[in-house]
Amino acid sequence: MALMSESKTVARSASSVQPPKRLLYGPGPSQVDNRVYKAMAKPIVGHLDPYFFTVFEEATKMLKVVFGTENPLTFAVSGTGSSGMETAVANFVEPGTKVAVFANGYFCDRITEMARRQGGEVVRFEKPWGETFGDDEAAEFIQRERPQVVTYVTAETSTGAFQPGKAICAAARAVDAVVIADCVTSLGAMPINVDETGIDIAYSCTQKGLSCTPGLAPITVSPRAWDRLKTRKAKVQSWYLDLNLLNEYYFQTPHKYHHTASATLLYGFHQALSLIMEEGVEKRWERHHQAHLTFIKGIEAMGLRLHVAQGKRIWNLNTPCVPEGTDDAKVRKILLDEQGIEIAGGFGPLAGKVFRVGIMGPFATTSNVRSFLRHFANALAASGYQKAQAAGR
Ligand code: PLP
């Protein structure tokens with residue numbers, strides 16, 4: 001009785017959800033198109049309903065185009081980007097597996113941690129945050145260590161640096177290692193070309209380059225990696241992320257119940273991918289590239305430097321350096337309070353040193369970038385940075 005009256009009081013005092021208007025210019029989540037929200041408002045069907053698999057099959061077809069792969073085992077794990085990372089690591093690392101990690105940022109460290117938790121023997125090639133690995137040194141590292149698994153992060157969101165993968169994948173193949181590539185920030189905004197690059201397992205998220213809501217982790221697994229999975233000595237330690245079980249649920253008929261996958265998330269994912277197909281994936285990459293170049297030009301006109309060297313930058317996640325004497329938290333607060341604009345700061349070794357600005361999805365246009373730069377210049381000027389004042393006028 002007491003509980004019932006308490007629940008009535010709580011219900012009376014709870015407001016309906018009214019999110020503030022936000023312009024998402026951070027490292028993710030990125031802005032979501034209204035058509036995606038509309039798709040997500042449609043009635044759900046069950047996770048074994050034939051309609052669920054119709055939408056699923058269409059979505060995976062589109063996902064293959066975005067990944068640049070013909071791998072049959074291409075789908076989305078129920079969970080955020082980290083669940084994609086953990087699926088890759090848990091299935092391909094078992095006690096004693098030698099794992100080579102290219103380590104130049106926070107997410108490479110997360111992969112390291114996951115690999116160690118699986119009992120992997122991790123060897124790391126380390127570089128300062130913001131640097132990338134050259135082809136020759138990457139190949140030498142792999143030849144020297146002769147690992148069974150190689151991992152690298154294509155777009156290191158903590159630093160703004162983009163790591164090309166061709167040399168890494170070729171060297172890995174030469175020692176018979178499988179390659180795991182983190183494409184969490186890059187997918188949908190920059191070319192990944194999984195098959196052409198030679199990546200065996202690529203995973204991503206839905207809330208960055210795909211401009212959907214968070215909640216799913218697209219993943220693709222090459223037939224070569226699938227064969228490798230069959231040679232494991234130990235069972236996959238994670239039941240929820242076991243690719244053998246997920247394969248039985250998503251791809252075998254009759255579909256075998258594994259977990260209650262969300263139709264709502266699937267609808268949104270399908271719609272976000274449809275928007276990419278409508279635009280054309282190459283056109284979308286080029287739009288992000290052009291928006292990035294406009295952004296760089298504007299930032300340099302303000303007298304700011306970029307943390308990552310030219311030619312090594314992620315297109316959809318930029319890391320301008322915080323000018324000497326400027327409080328980056330103050331700039332971010334002004335943008336959020338006065339314009340509803342979200343950007344992020346640096347962390348770890350880059351705390352207080354960089355801003356992290358995402359120009360992704362619907363916001364990756366010249367006019368949006370210019371509008372963002374005006375507000376950014378004003379916020380810098382209000383925080384005491386002088387050159388921005390001139391550039392913002
Ligand atoms: N990998 C990279 C490169 C990321 O940027 C992120 C998130 O920002 C993740 C993995 C983890 O993704 P999530 O936060 O969706 O779990």
# chains A, B, ... in the order shown; residues from 1 in each chain; ligands from 1

$ residues_around --residues "Leu317 of chain A" --least-positions-apart "3" --cutoff "9 Å" --atoms "only C-alpha atoms" --output "list in words"
Gly26, Pro27, Ala155, Thr157, Thr159, Gly160, Ala161, Thr185, Ser186, His292, Arg313, Ile314, Arg356, Val357, Gly358, Ile359 and Met360 of chain A

$ residues_near_ligand --ligand "ligand 1" --cutoff "9 Å" --atoms "only C-alpha atoms and all ligand atoms" --output "PyMOL selection string"
chain A and resi 27-29+79-85+105-108+110-111+153-158+182-186+203-208+214-217

$ write_last_selection --atoms "C-alpha atoms" --output "tab-separated table (two decimals), in the first residue's frame"
chain	number	residue	atom	x	y	z
A	27	PRO	CA	33.06	12.86	-31.28
A	28	GLY	CA	29.72	11.03	-31.13
A	29	PRO	CA	26.86	10.61	-30.93
A	79	GLY	CA	25.33	-3.30	-27.90
A	80	THR	CA	27.40	-0.17	-28.45
A	81	GLY	CA	30.76	0.00	-30.26
A	82	SER	CA	32.52	-1.58	-27.30
A	83	SER	CA	30.42	-4.71	-27.78
A	84	GLY	CA	31.77	-4.92	-31.33
A	85	MET	CA	35.29	-4.58	-29.94
A	105	GLY	CA	45.51	6.29	-28.20
A	106	TYR	CA	42.83	5.45	-25.66
A	107	PHE	CA	40.89	2.90	-27.71
A	108	CYS	CA	44.02	0.88	-28.51
A	110	ARG	CA	40.89	-0.59	-24.38
A	111	ILE	CA	41.61	-3.35	-26.93
A	153	VAL	CA	42.27	1.50	-34.71
A	154	THR	CA	41.48	3.16	-38.04
A	155	ALA	CA	40.21	6.42	-36.54
A	156	GLU	CA	41.54	7.03	-33.00
A	157	THR	CA	38.81	9.23	-31.58
A	158	SER	CA	40.94	10.24	-28.59
A	182	ASP	CA	38.36	-0.73	-35.06
A	183	CYS	CA	36.17	1.30	-37.43
A	184	VAL	CA	33.97	2.83	-34.75
A	185	THR	CA	34.47	6.45	-35.80
A	186	SER	CA	35.42	5.97	-39.46
A	203	TYR	CA	33.62	-3.52	-36.06
A	204	SER	CA	31.94	-0.16	-35.62
A	205	CYS	CA	29.08	1.64	-33.89
A	206	THR	CA	25.88	3.24	-35.13
A	207	GLN	CA	26.20	6.69	-33.53
A	208	LYS	CA	29.08	8.31	-35.39
A	214	PRO	CA	23.79	4.42	-30.21
A	215	GLY	CA	22.92	0.79	-29.48
A	216	LEU	CA	24.29	-1.46	-32.22
A	217	ALA	CA	27.77	-2.51	-33.27

$ closest_residue --among "A:Glu137, A:Asp328, A:Glu86, A:Asp200" --to "Glu113 of chain A" --atoms "only C-alpha atoms"
A:Glu86

$ atom_distance --atom1 "atom CA of Arg305 of chain A" --atom2 "atom CA of Thr365 of chain A"
21.5 Å

$ closest_residue --among "A:Lys127, A:Lys98, A:Lys21, A:Lys283" --to "Ala115 of chain A" --atoms "only C-alpha atoms"
A:Lys98

$ closest_residue --among "A:Leu63, A:Ala381, A:Ile168, A:Val32" --to "Gly198 of chain A" --atoms "only C-alpha atoms"
A:Ile168

$ select_by_dssp --residues "segment 2-235 of chain A" --states "alpha helix (DSSP H)" --output "ChimeraX atom specification"
/A:2-13,34-40,50-67,81-92,106-117,135-145,166-174,194-197,223-229

$ write_last_selection --atoms "C-alpha atoms" --output "PDB file, in the first residue's frame"
ATOM      1  CA  ALA A   2       2.773   2.386   0.987  1.00  0.00           C
ATOM      2  CA  LEU A   3       4.696   1.464  -2.160  1.00  0.00           C
ATOM      3  CA  MET A   4       1.641   2.128  -4.351  1.00  0.00           C
ATOM      4  CA  SER A   5       1.080   5.588  -2.962  1.00  0.00           C
ATOM      5  CA  GLU A   6       4.793   6.308  -3.288  1.00  0.00           C
ATOM      6  CA  SER A   7       4.717   5.293  -6.959  1.00  0.00           C
ATOM      7  CA  LYS A   8       1.750   7.664  -7.528  1.00  0.00           C
ATOM      8  CA  THR A   9       3.650  10.528  -5.936  1.00  0.00           C
ATOM      9  CA  VAL A  10       6.722   9.783  -8.028  1.00  0.00           C
ATOM     10  CA  ALA A  11       4.611   9.524 -11.195  1.00  0.00           C
ATOM     11  CA  ARG A  12       3.012  12.914 -10.472  1.00  0.00           C
ATOM     12  CA  SER A  13       6.356  14.600  -9.956  1.00  0.00           C
ATOM     13  CA  ASN A  34      14.446  12.882 -38.376  1.00  0.00           C
ATOM     14  CA  ARG A  35      13.689  10.009 -40.762  1.00  0.00           C
ATOM     15  CA  VAL A  36      15.726   7.725 -38.477  1.00  0.00           C
ATOM     16  CA  TYR A  37      13.728   8.853 -35.422  1.00  0.00           C
ATOM     17  CA  LYS A  38      10.493   8.270 -37.351  1.00  0.00           C
ATOM     18  CA  ALA A  39      11.548   4.729 -38.284  1.00  0.00           C
ATOM     19  CA  MET A  40      12.340   4.060 -34.635  1.00  0.00           C
ATOM     20  CA  PRO A  50       9.811 -13.021 -40.437  1.00  0.00           C
ATOM     21  CA  TYR A  51       9.538  -9.233 -40.838  1.00  0.00           C
ATOM     22  CA  PHE A  52      12.429  -8.762 -38.415  1.00  0.00           C
ATOM     23  CA  PHE A  53      14.638 -10.834 -40.707  1.00  0.00           C
ATOM     24  CA  THR A  54      13.404  -9.052 -43.843  1.00  0.00           C
ATOM     25  CA  VAL A  55      14.607  -5.763 -42.362  1.00  0.00           C
ATOM     26  CA  PHE A  56      17.745  -7.454 -41.029  1.00  0.00           C
ATOM     27  CA  GLU A  57      18.673  -8.874 -44.447  1.00  0.00           C
ATOM     28  CA  GLU A  58      18.144  -5.537 -46.177  1.00  0.00           C
ATOM     29  CA  ALA A  59      20.218  -3.786 -43.522  1.00  0.00           C
ATOM     30  CA  THR A  60      23.106  -6.257 -43.813  1.00  0.00           C
ATOM     31  CA  LYS A  61      23.119  -5.876 -47.615  1.00  0.00           C
ATOM     32  CA  MET A  62      23.528  -2.113 -47.199  1.00  0.00           C
ATOM     33  CA  LEU A  63      26.062  -2.571 -44.412  1.00  0.00           C
ATOM     34  CA  LYS A  64      28.265  -4.648 -46.712  1.00  0.00           C
ATOM     35  CA  VAL A  65      28.386  -1.735 -49.160  1.00  0.00           C
ATOM     36  CA  VAL A  66      29.421   0.690 -46.410  1.00  0.00           C
ATOM     37  CA  PHE A  67      32.075  -1.687 -45.052  1.00  0.00           C
ATOM     38  CA  GLY A  81      30.757   0.003 -30.260  1.00  0.00           C
ATOM     39  CA  SER A  82      32.522  -1.584 -27.303  1.00  0.00           C
ATOM     40  CA  SER A  83      30.418  -4.712 -27.783  1.00  0.00           C
ATOM     41  CA  GLY A  84      31.775  -4.921 -31.332  1.00  0.00           C
ATOM     42  CA  MET A  85      35.288  -4.579 -29.943  1.00  0.00           C
ATOM     43  CA  GLU A  86      34.613  -7.237 -27.325  1.00  0.00           C
ATOM     44  CA  THR A  87      33.033  -9.578 -29.896  1.00  0.00           C
ATOM     45  CA  ALA A  88      36.173  -9.315 -32.036  1.00  0.00           C
ATOM     46  CA  VAL A  89      38.537  -9.835 -29.113  1.00  0.00           C
ATOM     47  CA  ALA A  90      36.568 -12.530 -27.253  1.00  0.00           C
ATOM     48  CA  ASN A  91      36.174 -14.686 -30.359  1.00  0.00           C
ATOM     49  CA  PHE A  92      39.714 -14.439 -31.704  1.00  0.00           C
ATOM     50  CA  TYR A 106      42.832   5.445 -25.663  1.00  0.00           C
ATOM     51  CA  PHE A 107      40.885   2.897 -27.711  1.00  0.00           C
ATOM     52  CA  CYS A 108      44.023   0.881 -28.507  1.00  0.00           C
ATOM     53  CA  ASP A 109      44.462   0.650 -24.738  1.00  0.00           C
ATOM     54  CA  ARG A 110      40.891  -0.589 -24.382  1.00  0.00           C
ATOM     55  CA  ILE A 111      41.611  -3.351 -26.931  1.00  0.00           C
ATOM     56  CA  THR A 112      44.767  -4.212 -24.945  1.00  0.00           C
ATOM     57  CA  GLU A 113      42.745  -4.499 -21.753  1.00  0.00           C
ATOM     58  CA  MET A 114      40.131  -6.719 -23.388  1.00  0.00           C
ATOM     59  CA  ALA A 115      42.793  -8.962 -24.964  1.00  0.00           C
ATOM     60  CA  ARG A 116      44.533  -9.373 -21.602  1.00  0.00           C
ATOM     61  CA  ARG A 117      41.234 -10.257 -19.930  1.00  0.00           C
ATOM     62  CA  ASP A 135      54.213   1.064 -43.460  1.00  0.00           C
ATOM     63  CA  ASP A 136      57.757  -0.225 -42.973  1.00  0.00           C
ATOM     64  CA  GLU A 137      57.899   0.042 -39.201  1.00  0.00           C
ATOM     65  CA  ALA A 138      54.452  -1.562 -38.923  1.00  0.00           C
ATOM     66  CA  ALA A 139      55.538  -4.488 -41.106  1.00  0.00           C
ATOM     67  CA  GLU A 140      58.833  -4.883 -39.188  1.00  0.00           C
ATOM     68  CA  PHE A 141      56.966  -5.057 -35.876  1.00  0.00           C
ATOM     69  CA  ILE A 142      54.670  -7.797 -37.172  1.00  0.00           C
ATOM     70  CA  GLN A 143      57.524  -9.765 -38.771  1.00  0.00           C
ATOM     71  CA  ARG A 144      59.522  -9.554 -35.540  1.00  0.00           C
ATOM     72  CA  GLU A 145      56.683 -10.518 -33.185  1.00  0.00           C
ATOM     73  CA  LYS A 166      47.010  -1.939 -46.074  1.00  0.00           C
ATOM     74  CA  ALA A 167      50.624  -2.484 -44.955  1.00  0.00           C
ATOM     75  CA  ILE A 168      49.497  -3.797 -41.566  1.00  0.00           C
ATOM     76  CA  CYS A 169      47.108  -6.292 -43.180  1.00  0.00           C
ATOM     77  CA  ALA A 170      49.662  -7.493 -45.758  1.00  0.00           C
ATOM     78  CA  ALA A 171      52.311  -8.059 -43.072  1.00  0.00           C
ATOM     79  CA  ALA A 172      49.790  -9.832 -40.844  1.00  0.00           C
ATOM     80  CA  ARG A 173      48.758 -12.143 -43.647  1.00  0.00           C
ATOM     81  CA  ALA A 174      52.401 -12.977 -44.327  1.00  0.00           C
ATOM     82  CA  VAL A 194      37.475  -3.990 -45.674  1.00  0.00           C
ATOM     83  CA  ASP A 195      38.115  -6.548 -48.451  1.00  0.00           C
ATOM     84  CA  GLU A 196      40.498  -4.397 -50.477  1.00  0.00           C
ATOM     85  CA  THR A 197      42.479  -3.450 -47.369  1.00  0.00           C
ATOM     86  CA  PRO A 223      35.702 -16.389 -44.237  1.00  0.00           C
ATOM     87  CA  ARG A 224      39.397 -16.747 -43.307  1.00  0.00           C
ATOM     88  CA  ALA A 225      38.698 -15.504 -39.770  1.00  0.00           C
ATOM     89  CA  TRP A 226      35.609 -17.716 -39.540  1.00  0.00           C
ATOM     90  CA  ASP A 227      37.825 -20.738 -40.353  1.00  0.00           C
ATOM     91  CA  ARG A 228      40.253 -19.571 -37.665  1.00  0.00           C
ATOM     92  CA  LEU A 229      37.417 -19.447 -35.154  1.00  0.00           C
TER      93      LEU A 229
END

$ closest_residue --among "A:Ser222, A:Gln31, A:Gln386, A:Ser211" --to "Ala189 of chain A" --atoms "only C-alpha atoms"
A:Ser211

$ residues_around --residues "Ala272 of chain A" --least-positions-apart "2" --cutoff "7 Å" --atoms "only C-alpha atoms" --output "list of chain:residue names"
A:Val36, A:Leu210, A:Ser211, A:Cys212, A:Gly268, A:Phe269, A:His270, A:Ser274, A:Leu275, A:Ile276

$ write_last_selection --atoms "N, CA and C atoms" --output "short mmCIF file (atom, residue, chain, number, x, y, z; two decimals), in the first residue's frame"
data_model
loop_
_atom_site.label_atom_id
_atom_site.label_comp_id
_atom_site.auth_asym_id
_atom_site.auth_seq_id
_atom_site.Cartn_x
_atom_site.Cartn_y
_atom_site.Cartn_z
N VAL A 36 15.28 8.85 -39.31
CA VAL A 36 15.73 7.73 -38.48
C VAL A 36 14.84 7.66 -37.22
N LEU A 210 27.67 6.75 -39.12
CA LEU A 210 26.40 6.29 -39.68
C LEU A 210 25.24 7.19 -39.26
N SER A 211 25.49 8.08 -38.30
CA SER A 211 24.48 9.06 -37.84
C SER A 211 23.16 8.43 -37.44
N CYS A 212 23.26 7.40 -36.65
CA CYS A 212 22.07 6.75 -36.10
C CYS A 212 22.16 6.92 -34.58
N GLY A 268 15.94 1.77 -37.00
CA GLY A 268 16.74 2.99 -37.11
C GLY A 268 18.00 2.75 -37.94
N PHE A 269 18.63 1.64 -37.69
CA PHE A 269 19.85 1.26 -38.41
C PHE A 269 19.56 1.12 -39.91
N HIS A 270 18.47 0.45 -40.22
CA HIS A 270 18.05 0.24 -41.62
C HIS A 270 17.82 1.60 -42.29
N SER A 274 19.81 3.30 -45.31
CA SER A 274 19.08 3.68 -46.53
C SER A 274 19.45 5.09 -46.96
N LEU A 275 19.61 5.98 -45.98
CA LEU A 275 19.98 7.36 -46.31
C LEU A 275 21.37 7.40 -46.95
N ILE A 276 22.25 6.54 -46.46
CA ILE A 276 23.61 6.48 -47.04
C ILE A 276 23.54 5.93 -48.47
#

$ select_by_dssp --residues "segment 69-104 of chain A" --states "strand (DSSP E)" --output "list of chain:residue names"
A:Leu73, A:Thr74, A:Phe75, A:Ala76, A:Val77, A:Ser78, A:Lys98, A:Val99, A:Ala100, A:Val101, A:Phe102, A:Ala103
